[in-house]
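Beneath this line is the structure, given in structure tokens, with notes to follow.
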Amino acid sequence: MSTPSLLGASAAAPDRAPDHFADLGLDRIVREVAAQDPAIAPLFRAPAPTSAAARYRQDLCRALRRDADLGAGVRRFCAGMATMRAARSNAERLRLRPERDAWFLDGARLYLTAVAGLRSTLAAVVDAPAAVRDLRGHLDALAKSPGHRALSDDAEDAAAQMDGVEYTVRIKKSDVRVGRYHGEPDYGTEVAAVFARFRVDGSTRRAEDVPVRPGLDGAEAAVLGAVTALYPDAFEALARFRARHDEYGDPTVIRADLEIRWYLGYLDFVG
């Protein structure tokens, strides 16, 4: 079954490049354009089905080149969707179920944010080409659909429950104990002050600036197990969210992300 498109690309592409691509050097151009995003390469092999579809694409490309706000907005959308895909990948490959479920929720929230941001971007476009009008209409209908609203409401509820998970870790030699947080003082500032004297570069890098590393070591996994036991309702809500929305992602939005990346990749190449 083909994935629906609103931006003018054909739904399917040949398995390999046509012979004339090599004759005209187009294969080298495609390799360079798609070097950082190989998923867009097949779209170059699919010709526009009609002259109207070609004009549809050209009008959108002109709008992307002309309207800086539109270009910036769709780039933010594609970046958000890329982060969503990374979160979903973590949700599929990690070992511990609570960790997988948490990454899945993060991915769903990133998807919702990306869709809302794109909808806002398209709503502000003046003298919009047909592709923008069509995608804007689809997103407006999607935002009102029961499935999308349920995804948004359930994600908000699951996230709120996880926000309520607060715990303490007491470490004494090899004894590690995890308990609910009851307003105990946070010794993080004191610990940071102690180790600040050993800083050699004078930097003020914050802990939250450190990239998040997916996957837990043995000690972290043990802490997670204890926290899960302390807050079973929150983690059950997290599991229910994944079970209910395991296939989230509107097919047209997913396809639009791919096609927008295709247009932007080519425009960046010729710009």
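In the structure tokens, chains take letters A, B, ... by order of appearance, with residues numbered from 1 within each chain and ligands from 1 in the order shown.
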Can you tell me which residues surround A:Phe241 at a distance of at most 8 Å, considering only C-alpha atoms, apart from same-chain residues fewer than 6 positions away, and format the answer as a list in words? Leu105, Asp154, Ala155 and Ala158 of chain A
Write out as a ChimeraX atom specification the set of residues from stretch 113-269 of chain A that DSSP, computed on the backbone, places in strand (DSSP E). /A:167-172,175-180
Dump as a compact mmCIF listing (two decimals), in the first residue's frame, selection limited to N, CA and C atoms:
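Result file out-v7.txt:
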```
# COMPACT_ATOMS: atom_id res chain seq x y z
N TYR A 167 12.46 10.69 43.91
CA TYR A 167 13.03 9.69 44.80
C TYR A 167 14.40 10.13 45.29
N THR A 168 14.87 9.47 46.31
CA THR A 168 16.20 9.72 46.86
C THR A 168 17.04 8.46 46.74
N VAL A 169 18.32 8.65 46.63
CA VAL A 169 19.27 7.53 46.61
C VAL A 169 20.29 7.77 47.71
N ARG A 170 20.35 6.87 48.66
CA ARG A 170 21.33 6.95 49.75
C ARG A 170 22.41 5.90 49.52
N ILE A 171 23.64 6.35 49.49
CA ILE A 171 24.76 5.46 49.23
C ILE A 171 25.71 5.48 50.43
N LYS A 172 25.96 4.33 50.99
CA LYS A 172 26.91 4.19 52.09
C LYS A 172 27.74 2.95 51.82
N ASP A 175 26.24 -0.10 50.11
CA ASP A 175 24.80 -0.16 50.39
C ASP A 175 24.10 0.99 49.68
N VAL A 176 23.19 0.67 48.77
CA VAL A 176 22.44 1.68 48.02
C VAL A 176 20.96 1.49 48.32
N ARG A 177 20.34 2.55 48.81
CA ARG A 177 18.93 2.48 49.16
C ARG A 177 18.15 3.58 48.43
N VAL A 178 17.01 3.17 47.87
CA VAL A 178 16.17 4.09 47.12
C VAL A 178 14.87 4.27 47.87
N GLY A 179 14.44 5.53 48.02
CA GLY A 179 13.20 5.81 48.73
C GLY A 179 12.45 6.96 48.10
N ARG A 180 11.22 7.13 48.49
CA ARG A 180 10.44 8.28 48.02
C ARG A 180 11.03 9.57 48.56
```
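Taking only C-alpha atoms into account, A:Gly73 lies nearest to A:Leu122 out of the set A:Leu122, A:Val227, A:Leu142, A:Leu135.
Take atom CA of A:Arg244 and atom CA of A:Arg100: the distance between them is 14.7 Å.
Here atom CA of A:Leu118 and atom CA of A:Asp157 stand 23.2 Å from one another.
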Would you kindly return, as a ChimeraX atom specification, each protein, DNA or RNA residue with an atom no farther than 12 Å from any atom of A:Ser120, considering only C-alpha atoms and excluding same-chain residues fewer than 2 positions away? /A:69-70,73-74,76-77,113-118,122-125,132,135-137,139-140,143
Who sits within 10 Å of stretch 18-27 of chain A, only C-alpha atoms, same chain under 4 positions skipped, as an mmCIF file with N, CA, C and O atoms, in the first residue's frame:
```cif
data_model
loop_
_atom_site.group_PDB
_atom_site.id
_atom_site.type_symbol
_atom_site.label_atom_id
_atom_site.label_comp_id
_atom_site.auth_asym_id
_atom_site.auth_seq_id
_atom_site.Cartn_x
_atom_site.Cartn_y
_atom_site.Cartn_z
ATOM 1 N N PRO A 14 11.587 3.632 -8.325
ATOM 2 C CA PRO A 14 12.228 2.414 -8.834
ATOM 3 C C PRO A 14 13.263 1.888 -7.846
ATOM 4 O O PRO A 14 13.827 2.640 -7.053
ATOM 5 N N ARG A 31 24.026 11.264 -4.868
ATOM 6 C CA ARG A 31 24.858 10.802 -3.753
ATOM 7 C C ARG A 31 25.282 11.970 -2.874
ATOM 8 O O ARG A 31 25.296 11.862 -1.644
ATOM 9 N N GLU A 32 25.630 13.082 -3.486
ATOM 10 C CA GLU A 32 26.072 14.235 -2.701
ATOM 11 C C GLU A 32 24.910 14.874 -1.957
ATOM 12 O O GLU A 32 25.037 15.218 -0.776
ATOM 13 N N VAL A 33 23.779 15.029 -2.630
ATOM 14 C CA VAL A 33 22.623 15.649 -1.979
ATOM 15 C C VAL A 33 22.146 14.806 -0.802
ATOM 16 O O VAL A 33 21.783 15.330 0.251
ATOM 17 N N ALA A 41 17.180 9.667 -1.147
ATOM 18 C CA ALA A 41 17.747 9.315 -2.449
ATOM 19 C C ALA A 41 16.717 8.680 -3.393
ATOM 20 O O ALA A 41 16.669 9.039 -4.577
ATOM 21 N N PHE A 44 14.545 10.884 -5.833
ATOM 22 C CA PHE A 44 15.088 11.443 -7.064
ATOM 23 C C PHE A 44 14.863 10.522 -8.254
ATOM 24 O O PHE A 44 14.938 10.959 -9.408
ATOM 25 N N ARG A 45 14.593 9.243 -8.001
ATOM 26 C CA ARG A 45 14.405 8.295 -9.093
ATOM 27 C C ARG A 45 12.953 8.208 -9.549
ATOM 28 O O ARG A 45 12.652 7.506 -10.524
ATOM 29 N N ALA A 46 12.049 8.900 -8.846
ATOM 30 C CA ALA A 46 10.625 8.821 -9.178
ATOM 31 C C ALA A 46 10.207 10.080 -9.931
ATOM 32 O O ALA A 46 10.152 11.160 -9.348
#
```
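The spacing separating atom CA of A:Ala159 from atom CA of A:Ser89 amounts to 19.4 Å.
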